[in-house]
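Next up, target.pdb (PDB, C-alpha atoms):
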ATOM      1  CA  MET A   1      91.540  75.862  99.543  1.00  0.00           C
ATOM      2  CA  ALA A   2      93.660  78.769  98.571  1.00  0.00           C
ATOM      3  CA  LEU A   3      94.867  82.173  99.563  1.00  0.00           C
ATOM      4  CA  TYR A   4      92.605  85.123  98.807  1.00  0.00           C
ATOM      5  CA  LYS A   5      95.436  87.669  98.718  1.00  0.00           C
ATOM      6  CA  SER A   6      99.190  87.703  99.202  1.00  0.00           C
ATOM      7  CA  LEU A   7     100.871  91.097  99.557  1.00  0.00           C
ATOM      8  CA  THR A   8     104.573  91.878  99.647  1.00  0.00           C
ATOM      9  CA  VAL A   9     105.077  94.932 101.870  1.00  0.00           C
ATOM     10  CA  ASP A  10     108.862  94.916 101.450  1.00  0.00           C
ATOM     11  CA  ASN A  11     111.654  92.352 101.129  1.00  0.00           C
ATOM     12  CA  ASN A  12     111.198  91.262 104.749  1.00  0.00           C
ATOM     13  CA  THR A  13     107.456  91.700 105.350  1.00  0.00           C
ATOM     14  CA  LYS A  14     104.426  89.966 103.834  1.00  0.00           C
ATOM     15  CA  VAL A  15     100.650  89.876 104.344  1.00  0.00           C
ATOM     16  CA  LEU A  16      98.480  86.813 103.700  1.00  0.00           C
ATOM     17  CA  ILE A  17      94.660  86.888 103.608  1.00  0.00           C
ATOM     18  CA  TRP A  18      92.313  83.886 103.563  1.00  0.00           C
ATOM     19  CA  LYS A  19      88.664  83.894 102.514  1.00  0.00           C
ATOM     20  CA  ILE A  20      86.926  81.357 104.738  1.00  0.00           C
ATOM     21  CA  GLU A  21      84.660  79.380 102.409  1.00  0.00           C
ATOM     22  CA  GLU A  22      85.476  75.867 103.647  1.00  0.00           C
ATOM     23  CA  SER A  23      83.557  73.838 106.195  1.00  0.00           C
ATOM     24  CA  PHE A  24      84.957  73.130 109.647  1.00  0.00           C
ATOM     25  CA  ASN A  25      85.816  69.554 108.618  1.00  0.00           C
ATOM     26  CA  GLU A  26      87.639  70.695 105.492  1.00  0.00           C
ATOM     27  CA  LEU A  27      89.716  73.200 107.450  1.00  0.00           C
ATOM     28  CA  ASN A  28      90.414  70.720 110.247  1.00  0.00           C
ATOM     29  CA  ALA A  29      91.407  67.830 108.005  1.00  0.00           C
ATOM     30  CA  ASP A  30      95.129  68.367 107.545  1.00  0.00           C
ATOM     31  CA  ILE A  31      96.107  70.715 110.356  1.00  0.00           C
ATOM     32  CA  VAL A  32      98.038  69.488 113.407  1.00  0.00           C
ATOM     33  CA  LEU A  33      97.312  71.522 116.537  1.00  0.00           C
ATOM     34  CA  THR A  34      99.183  71.723 119.805  1.00  0.00           C
ATOM     35  CA  GLU A  35      97.338  70.504 122.877  1.00  0.00           C
ATOM     36  CA  ASN A  36      96.761  74.095 123.988  1.00  0.00           C
ATOM     37  CA  SER A  37      95.381  75.126 120.579  1.00  0.00           C
ATOM     38  CA  GLN A  38      93.096  72.098 120.463  1.00  0.00           C
ATOM     39  CA  THR A  39      91.728  73.056 123.885  1.00  0.00           C
ATOM     40  CA  ARG A  40      91.114  76.607 122.658  1.00  0.00           C
ATOM     41  CA  LEU A  41      89.372  75.304 119.527  1.00  0.00           C
ATOM     42  CA  ASP A  42      87.184  72.902 121.493  1.00  0.00           C
ATOM     43  CA  GLY A  43      86.158  75.732 123.818  1.00  0.00           C
ATOM     44  CA  MET A  44      84.847  77.973 121.041  1.00  0.00           C
ATOM     45  CA  LYS A  45      81.053  78.043 120.949  1.00  0.00           C
ATOM     46  CA  SER A  46      80.776  79.524 117.452  1.00  0.00           C
ATOM     47  CA  GLU A  47      81.682  77.464 114.404  1.00  0.00           C
ATOM     48  CA  LEU A  48      82.518  80.727 112.627  1.00  0.00           C
ATOM     49  CA  HIS A  49      85.189  81.388 115.263  1.00  0.00           C
ATOM     50  CA  GLN A  50      86.448  77.822 114.964  1.00  0.00           C
ATOM     51  CA  ARG A  51      86.750  78.147 111.192  1.00  0.00           C
ATOM     52  CA  GLY A  52      88.535  81.482 111.629  1.00  0.00           C
ATOM     53  CA  PHE A  53      90.961  79.891 114.094  1.00  0.00           C
ATOM     54  CA  LEU A  54      91.708  77.011 111.709  1.00  0.00           C
ATOM     55  CA  SER A  55      92.053  79.284 108.676  1.00  0.00           C
ATOM     56  CA  VAL A  56      94.815  81.158 110.506  1.00  0.00           C
ATOM     57  CA  ARG A  57      96.654  77.818 110.858  1.00  0.00           C
ATOM     58  CA  HIS A  58      96.359  77.383 107.091  1.00  0.00           C
ATOM     59  CA  LEU A  59      97.858  80.843 106.642  1.00  0.00           C
ATOM     60  CA  LEU A  60     100.717  79.810 108.927  1.00  0.00           C
ATOM     61  CA  LYS A  61     101.212  76.745 106.746  1.00  0.00           C
ATOM     62  CA  GLU A  62     101.305  78.963 103.638  1.00  0.00           C
ATOM     63  CA  ALA A  63     104.043  80.978 105.330  1.00  0.00           C
ATOM     64  CA  GLY A  64     106.056  77.854 106.150  1.00  0.00           C
ATOM     65  CA  TYR A  65     105.068  77.475 109.809  1.00  0.00           C
ATOM     66  CA  THR A  66     103.053  75.075 111.942  1.00  0.00           C
ATOM     67  CA  ASP A  67     100.817  75.735 114.920  1.00  0.00           C
ATOM     68  CA  ASN A  68     103.716  74.593 117.104  1.00  0.00           C
ATOM     69  CA  ASP A  69     105.814  77.538 115.880  1.00  0.00           C
ATOM     70  CA  LEU A  70     103.320  80.021 117.357  1.00  0.00           C
ATOM     71  CA  PHE A  71     103.063  81.069 120.986  1.00  0.00           C
ATOM     72  CA  TYR A  72     101.448  83.885 122.976  1.00  0.00           C
ATOM     73  CA  ASP A  73     102.668  86.062 125.845  1.00  0.00           C
ATOM     74  CA  GLU A  74     100.675  86.874 128.982  1.00  0.00           C
ATOM     75  CA  PHE A  75      98.880  89.715 127.155  1.00  0.00           C
ATOM     76  CA  GLY A  76      97.787  87.451 124.296  1.00  0.00           C
ATOM     77  CA  LYS A  77     100.262  88.853 121.772  1.00  0.00           C
ATOM     78  CA  PRO A  78     101.466  86.219 119.264  1.00  0.00           C
ATOM     79  CA  PHE A  79     105.116  85.431 118.586  1.00  0.00           C
ATOM     80  CA  LEU A  80     107.007  83.035 116.342  1.00  0.00           C
ATOM     81  CA  LYS A  81     109.690  80.775 117.782  1.00  0.00           C
ATOM     82  CA  ASP A  82     112.215  81.817 115.112  1.00  0.00           C
ATOM     83  CA  GLY A  83     112.054  85.428 116.344  1.00  0.00           C
ATOM     84  CA  LYS A  84     110.153  86.904 113.405  1.00  0.00           C
ATOM     85  CA  HIS A  85     107.320  89.310 114.162  1.00  0.00           C
ATOM     86  CA  ILE A  86     103.714  88.275 113.540  1.00  0.00           C
ATOM     87  CA  SER A  87     100.202  89.657 113.942  1.00  0.00           C
ATOM     88  CA  ILE A  88      96.925  87.815 113.353  1.00  0.00           C
ATOM     89  CA  THR A  89      93.318  88.784 112.666  1.00  0.00           C
ATOM     90  CA  HIS A  90      90.026  87.224 111.655  1.00  0.00           C
ATOM     91  CA  SER A  91      86.596  88.705 111.095  1.00  0.00           C
ATOM     92  CA  PHE A  92      83.525  86.786 109.872  1.00  0.00           C
ATOM     93  CA  THR A  93      84.637  85.219 106.572  1.00  0.00           C
ATOM     94  CA  PHE A  94      88.197  86.547 106.341  1.00  0.00           C
ATOM     95  CA  SER A  95      91.400  85.963 108.263  1.00  0.00           C
ATOM     96  CA  GLY A  96      94.840  87.445 107.816  1.00  0.00           C
ATOM     97  CA  LEU A  97      98.342  87.613 109.144  1.00  0.00           C
ATOM     98  CA  ILE A  98     101.417  89.746 108.668  1.00  0.00           C
ATOM     99  CA  ILE A  99     104.941  88.422 109.210  1.00  0.00           C
ATOM    100  CA  SER A 100     108.129  90.470 109.229  1.00  0.00           C
ATOM    101  CA  ASP A 101     111.778  89.541 109.695  1.00  0.00           C
ATOM    102  CA  ASP A 102     112.714  92.838 111.306  1.00  0.00           C
ATOM    103  CA  LYS A 103     109.675  95.048 112.010  1.00  0.00           C
ATOM    104  CA  HIS A 104     107.052  95.104 114.736  1.00  0.00           C
ATOM    105  CA  VAL A 105     103.761  94.564 112.916  1.00  0.00           C
ATOM    106  CA  GLY A 106      99.994  94.678 113.479  1.00  0.00           C
ATOM    107  CA  ILE A 107      97.037  93.736 111.281  1.00  0.00           C
ATOM    108  CA  ASP A 108      93.261  94.026 111.521  1.00  0.00           C
ATOM    109  CA  ILE A 109      90.375  93.010 109.263  1.00  0.00           C
ATOM    110  CA  GLU A 110      86.955  94.543 109.896  1.00  0.00           C
ATOM    111  CA  LYS A 111      83.569  94.148 108.248  1.00  0.00           C
ATOM    112  CA  GLN A 112      82.203  97.508 107.080  1.00  0.00           C
ATOM    113  CA  ARG A 113      79.044  98.075 109.145  1.00  0.00           C
ATOM    114  CA  ASP A 114      76.804 100.921 110.262  1.00  0.00           C
ATOM    115  CA  LYS A 115      77.572  99.870 113.839  1.00  0.00           C
ATOM    116  CA  ILE A 116      80.846 101.815 113.676  1.00  0.00           C
ATOM    117  CA  LEU A 117      78.912 105.108 113.592  1.00  0.00           C
ATOM    118  CA  LYS A 118      77.591 104.401 117.087  1.00  0.00           C
ATOM    119  CA  ILE A 119      81.009 103.735 118.639  1.00  0.00           C
ATOM    120  CA  ALA A 120      83.120 106.214 116.652  1.00  0.00           C
ATOM    121  CA  HIS A 121      83.164 108.820 119.440  1.00  0.00           C
ATOM    122  CA  LYS A 122      84.881 106.257 121.679  1.00  0.00           C
ATOM    123  CA  PHE A 123      87.962 105.895 119.466  1.00  0.00           C
ATOM    124  CA  THR A 124      88.347 109.071 117.387  1.00  0.00           C
ATOM    125  CA  PRO A 125      87.378 112.784 117.536  1.00  0.00           C
ATOM    126  CA  ILE A 126      84.164 112.389 115.537  1.00  0.00           C
ATOM    127  CA  GLU A 127      83.857 116.139 114.827  1.00  0.00           C
ATOM    128  CA  GLU A 128      86.793 115.748 112.399  1.00  0.00           C
ATOM    129  CA  TYR A 129      84.523 113.763 110.072  1.00  0.00           C
ATOM    130  CA  LYS A 130      81.639 116.231 109.824  1.00  0.00           C
ATOM    131  CA  THR A 131      82.666 117.204 106.291  1.00  0.00           C
ATOM    132  CA  ILE A 132      82.091 113.668 104.952  1.00  0.00           C
ATOM    133  CA  ALA A 133      78.531 113.786 103.640  1.00  0.00           C
ATOM    134  CA  ASN A 134      78.492 110.406 101.900  1.00  0.00           C
ATOM    135  CA  HIS A 135      77.250 107.694 104.281  1.00  0.00           C
ATOM    136  CA  ASP A 136      79.293 104.844 102.774  1.00  0.00           C
ATOM    137  CA  ALA A 137      82.443 106.962 102.636  1.00  0.00           C
ATOM    138  CA  LEU A 138      82.041 107.840 106.307  1.00  0.00           C
ATOM    139  CA  ILE A 139      81.708 104.182 107.294  1.00  0.00           C
ATOM    140  CA  SER A 140      84.686 103.328 105.109  1.00  0.00           C
ATOM    141  CA  LYS A 141      86.889 106.014 106.634  1.00  0.00           C
ATOM    142  CA  LEU A 142      85.934 105.247 110.226  1.00  0.00           C
ATOM    143  CA  THR A 143      86.556 101.538 109.634  1.00  0.00           C
ATOM    144  CA  ILE A 144      90.046 102.313 108.321  1.00  0.00           C
ATOM    145  CA  VAL A 145      90.785 104.504 111.355  1.00  0.00           C
ATOM    146  CA  TRP A 146      89.538 101.805 113.738  1.00  0.00           C
ATOM    147  CA  GLY A 147      91.591  99.138 111.935  1.00  0.00           C
ATOM    148  CA  ALA A 148      94.677 101.347 112.022  1.00  0.00           C
ATOM    149  CA  LYS A 149      94.305 101.943 115.754  1.00  0.00           C
ATOM    150  CA  GLU A 150      93.667  98.253 116.362  1.00  0.00           C
ATOM    151  CA  SER A 151      96.832  97.416 114.410  1.00  0.00           C
ATOM    152  CA  LEU A 152      98.919  99.827 116.492  1.00  0.00           C
ATOM    153  CA  TYR A 153      97.335  98.489 119.679  1.00  0.00           C
ATOM    154  CA  LYS A 154      98.436  94.999 118.629  1.00  0.00           C
ATOM    155  CA  ILE A 155     101.973  96.230 118.008  1.00  0.00           C
ATOM    156  CA  TYR A 156     102.139  97.741 121.485  1.00  0.00           C
ATOM    157  CA  GLY A 157     100.843  94.460 122.821  1.00  0.00           C
ATOM    158  CA  LYS A 158      99.733  95.502 126.293  1.00  0.00           C
ATOM    159  CA  LYS A 159      96.340  96.410 127.708  1.00  0.00           C
ATOM    160  CA  LYS A 160      96.717 100.006 128.888  1.00  0.00           C
ATOM    161  CA  LEU A 161      96.449 101.988 125.646  1.00  0.00           C
ATOM    162  CA  LEU A 162      93.271 103.983 125.016  1.00  0.00           C
ATOM    163  CA  PHE A 163      92.309 104.313 121.349  1.00  0.00           C
ATOM    164  CA  LEU A 164      90.941 107.841 121.811  1.00  0.00           C
ATOM    165  CA  HIS A 165      93.801 109.305 123.845  1.00  0.00           C
ATOM    166  CA  HIS A 166      96.978 107.342 123.068  1.00  0.00           C
ATOM    167  CA  ILE A 167      96.764 106.356 119.382  1.00  0.00           C
ATOM    168  CA  TYR A 168      96.761 108.998 116.637  1.00  0.00           C
ATOM    169  CA  ILE A 169      96.106 108.371 112.917  1.00  0.00           C
ATOM    170  CA  GLU A 170      97.127 110.980 110.347  1.00  0.00           C
ATOM    171  CA  ASP A 171      94.316 112.005 107.975  1.00  0.00           C
ATOM    172  CA  PHE A 172      94.441 110.375 104.555  1.00  0.00           C
ATOM    173  CA  LYS A 173      92.883 110.156 101.102  1.00  0.00           C
ATOM    174  CA  PHE A 174      91.271 106.849 100.111  1.00  0.00           C
ATOM    175  CA  GLU A 175      93.243 106.688  96.886  1.00  0.00           C
ATOM    176  CA  ASP A 176      96.574 106.854  98.735  1.00  0.00           C
ATOM    177  CA  GLU A 177      95.854 103.517 100.462  1.00  0.00           C
ATOM    178  CA  LYS A 178      98.286 104.483 103.208  1.00  0.00           C
ATOM    179  CA  THR A 179      98.886 106.886 106.080  1.00  0.00           C
ATOM    180  CA  THR A 180     100.936 107.105 109.255  1.00  0.00           C
ATOM    181  CA  GLY A 181     100.127 106.672 112.915  1.00  0.00           C
ATOM    182  CA  GLU A 182     101.612 107.312 116.324  1.00  0.00           C
ATOM    183  CA  ILE A 183     101.412 105.746 119.749  1.00  0.00           C
ATOM    184  CA  ARG A 184     101.688 108.561 122.279  1.00  0.00           C
ATOM    185  CA  TYR A 185     102.001 107.058 125.738  1.00  0.00           C
ATOM    186  CA  GLN A 186     103.833 107.897 128.958  1.00  0.00           C
ATOM    187  CA  GLY A 187     105.867 110.681 127.352  1.00  0.00           C
ATOM    188  CA  GLU A 188     107.019 108.574 124.398  1.00  0.00           C
ATOM    189  CA  ILE A 189     105.993 108.915 120.747  1.00  0.00           C
ATOM    190  CA  ASN A 190     106.484 106.009 118.327  1.00  0.00           C
ATOM    191  CA  SER A 191     105.618 106.367 114.641  1.00  0.00           C
ATOM    192  CA  TYR A 192     104.463 103.687 112.195  1.00  0.00           C
ATOM    193  CA  GLY A 193     103.534 103.273 108.554  1.00  0.00           C
ATOM    194  CA  ILE A 194      99.970 102.151 107.848  1.00  0.00           C
ATOM    195  CA  HIS A 195      98.468 100.606 104.709  1.00  0.00           C
ATOM    196  CA  PHE A 196      94.857  99.741 104.001  1.00  0.00           C
ATOM    197  CA  LEU A 197      92.769  97.968 101.360  1.00  0.00           C
ATOM    198  CA  GLU A 198      89.081  97.159 100.891  1.00  0.00           C
ATOM    199  CA  PHE A 199      87.460  94.033  99.433  1.00  0.00           C
ATOM    200  CA  ASP A 200      84.062  92.301  99.532  1.00  0.00           C
ATOM    201  CA  GLY A 201      82.681  94.738 102.128  1.00  0.00           C
ATOM    202  CA  PHE A 202      85.696  94.320 104.424  1.00  0.00           C
ATOM    203  CA  THR A 203      88.647  96.538 105.314  1.00  0.00           C
ATOM    204  CA  CYS A 204      92.168  95.284 106.015  1.00  0.00           C
ATOM    205  CA  VAL A 205      94.662  97.576 107.713  1.00  0.00           C
ATOM    206  CA  PHE A 206      98.237  96.732 108.630  1.00  0.00           C
ATOM    207  CA  ALA A 207     100.930  98.720 110.395  1.00  0.00           C
ATOM    208  CA  TYR A 208     104.682  98.392 110.849  1.00  0.00           C
TER     209      TYR A 208
END

Using the file provided, produce a representation of the structure as structure tokens.
Amino acid sequence: MALYKSLTVDNNTKVLIWKIEESFNELNADIVLTENSQTRLDGMKSELHQRGFLSVRHLLKEAGYTDNDLFYDEFGKPFLKDGKHISITHSFTFSGLIISDDKHVGIDIEKQRDKILKIAHKFTPIEEYKTIANHDALISKLTIVWGAKESLYKIYGKKKLLFLHHIYIEDFKFEDEKTTGEIRYQGEINSYGIHFLEFDGFTCVFAY
């Protein structure tokens, strides 16, 4: 078992990504869970979700933490007991986390699928993408935008934000591998840096 990717964002912020290739038993073998986490794991109907859940605990271990160091607020936002900022994601066969000493952070991994074309109008002004003629490029770009908005939503950490109306992502070129975004809510505007990368048919986006 090993990390798939480890990225250093800056001196105080890092991203870890796990490719979930192990069986449930392999992932469960040397991980100690809190009673609450064990209850959550036992309640998951999908083994894919269970393996994703356990792979995140391996990522925590890689970062020097245990499951006991992680807790969640009433909105489901994760926190670390030492005060560092953390965000977590898993999608199909990948999981990831971002940890920062001093920045609010969010991360999202998404599988690149045609499905995003059907829901795009719900999270972004789809007319802005009419100039993208290439089908794969359109899916790629929309997946990045969705991941960026999901990352900012995780930073905000409450349930009232609307992707279409409250979260704005600056247009970008694929080769830049970064952009910026804003949360515009209740008269306040907060700006964030956003980075993205693609691998094995998946997109990872993280914001800070």

Going by the chain IDs and residue numbers used in this file, which residues fall under the PyMOL selection byres ((chain A and resi 179) around 7)? Write them as a PyMOL selection string. chain A and resi 170+172+178+180-181+193-195

Which polymer residues have any atom within 7 Å of an atom of Arg184 of chain A, counting all atoms listed in the file, with same-chain residues fewer than 5 positions away left out, as an MDAnalysis selection string? chainID A and resid 166:167 189:190

Å distance separating atom CA of Leu138 of chain A from atom CA of Asp108 of chain A, one decimal place: 18.5 Å

On this structure, the PyMOL selection byres ((chain A and resi 122-135) around 8) would catch which residues? List them as JSON, numbers by chain, sorted by chain and number. {"A": [119, 120, 121, 136, 137, 138, 139, 145, 146, 162, 163, 164]}

Work out how far apart atom CA of Asn12 of chain A and atom CA of Lys149 of chain A are and give it in Å to one decimal. 22.8 Å

With the file shown as input, list the residues that the PyMOL selection byres ((chain A and resi 103-105) around 12) selects, as an mmCIF file with C-alpha atoms, in the frame of the given file.
data_model
loop_
_atom_site.group_PDB
_atom_site.id
_atom_site.type_symbol
_atom_site.label_atom_id
_atom_site.label_comp_id
_atom_site.auth_asym_id
_atom_site.auth_seq_id
_atom_site.Cartn_x
_atom_site.Cartn_y
_atom_site.Cartn_z
ATOM 1 C CA VAL A 9 105.077 94.932 101.870
ATOM 2 C CA ASP A 10 108.862 94.916 101.450
ATOM 3 C CA ASN A 11 111.654 92.352 101.129
ATOM 4 C CA ASN A 12 111.198 91.262 104.749
ATOM 5 C CA THR A 13 107.456 91.700 105.350
ATOM 6 C CA LYS A 14 104.426 89.966 103.834
ATOM 7 C CA VAL A 15 100.650 89.876 104.344
ATOM 8 C CA LYS A 77 100.262 88.853 121.772
ATOM 9 C CA PRO A 78 101.466 86.219 119.264
ATOM 10 C CA PHE A 79 105.116 85.431 118.586
ATOM 11 C CA GLY A 83 112.054 85.428 116.344
ATOM 12 C CA LYS A 84 110.153 86.904 113.405
ATOM 13 C CA HIS A 85 107.320 89.310 114.162
ATOM 14 C CA ILE A 86 103.714 88.275 113.540
ATOM 15 C CA SER A 87 100.202 89.657 113.942
ATOM 16 C CA ILE A 88 96.925 87.815 113.353
ATOM 17 C CA THR A 89 93.318 88.784 112.666
ATOM 18 C CA LEU A 97 98.342 87.613 109.144
ATOM 19 C CA ILE A 98 101.417 89.746 108.668
ATOM 20 C CA ILE A 99 104.941 88.422 109.210
ATOM 21 C CA SER A 100 108.129 90.470 109.229
ATOM 22 C CA ASP A 101 111.778 89.541 109.695
ATOM 23 C CA ASP A 102 112.714 92.838 111.306
ATOM 24 C CA GLY A 106 99.994 94.678 113.479
ATOM 25 C CA ILE A 107 97.037 93.736 111.281
ATOM 26 C CA ASP A 108 93.261 94.026 111.521
ATOM 27 C CA ALA A 148 94.677 101.347 112.022
ATOM 28 C CA GLU A 150 93.667 98.253 116.362
ATOM 29 C CA SER A 151 96.832 97.416 114.410
ATOM 30 C CA LEU A 152 98.919 99.827 116.492
ATOM 31 C CA TYR A 153 97.335 98.489 119.679
ATOM 32 C CA LYS A 154 98.436 94.999 118.629
ATOM 33 C CA ILE A 155 101.973 96.230 118.008
ATOM 34 C CA TYR A 156 102.139 97.741 121.485
ATOM 35 C CA GLY A 157 100.843 94.460 122.821
ATOM 36 C CA ASN A 190 106.484 106.009 118.327
ATOM 37 C CA SER A 191 105.618 106.367 114.641
ATOM 38 C CA TYR A 192 104.463 103.687 112.195
ATOM 39 C CA GLY A 193 103.534 103.273 108.554
ATOM 40 C CA ILE A 194 99.970 102.151 107.848
ATOM 41 C CA HIS A 195 98.468 100.606 104.709
ATOM 42 C CA VAL A 205 94.662 97.576 107.713
ATOM 43 C CA PHE A 206 98.237 96.732 108.630
ATOM 44 C CA ALA A 207 100.930 98.720 110.395
ATOM 45 C CA TYR A 208 104.682 98.392 110.849
#

Counting all atoms listed in the file, figure out which residue out of A:Asp73, A:Glu175, A:Asp82, A:Glu110 gets nearest to Lys158 of chain A.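 Smallest separation from Lys158 of chain A among the options: A:Asp73.
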
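Atom pair atom CA of Lys160 of chain A / atom CA of Tyr185 of chain A: separated by 9.4 Å.
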
Pick out the closest residue to Thr34 of chain A from this set: A:Lys159, A:Lys111, A:Arg57, A:His165. Count all atoms listed in the file.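 Looking only at the distances to Thr34 of chain A, the closest residue turns out to be A:Arg57.
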
As AutoDock Vina command-line options, what would the box around segment 36-46 of chain A look like: edges along x, y and z, 3 Å added on every side, centre and edge lengths in Å to one decimal?
--center_x 88.8 --center_y 75.8 --center_z 120.7 --size_x 22.0 --size_y 13.4 --size_z 12.5

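Residue nearest Lys141 of chain A, chosen from A:Ile183, A:Cys204, A:Leu54, A:Leu161 and counting only C-alpha atoms: A:Cys204.
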
Check the smallest atom-to-atom distance from each of A:Asn28, A:Ser140, A:Asn36, A:Ser95 to Ile116 of chain A using all atoms listed in the file, then report the winner.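 Among A:Asn28, A:Ser140, A:Asn36, A:Ser95, it is A:Ser140 that comes nearest to Ile116 of chain A.
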
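Across A:Thr66, A:Thr8, A:Gln112, A:Thr203, the tightest approach to Leu80 of chain A is made by A:Thr66 when counting all atoms listed in the file.
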
Counting all atoms listed in the file, which of A:Gln50, A:Ser55, A:Ser6, A:Asn25 gets nearest to Asp67 of chain A? A:Ser55
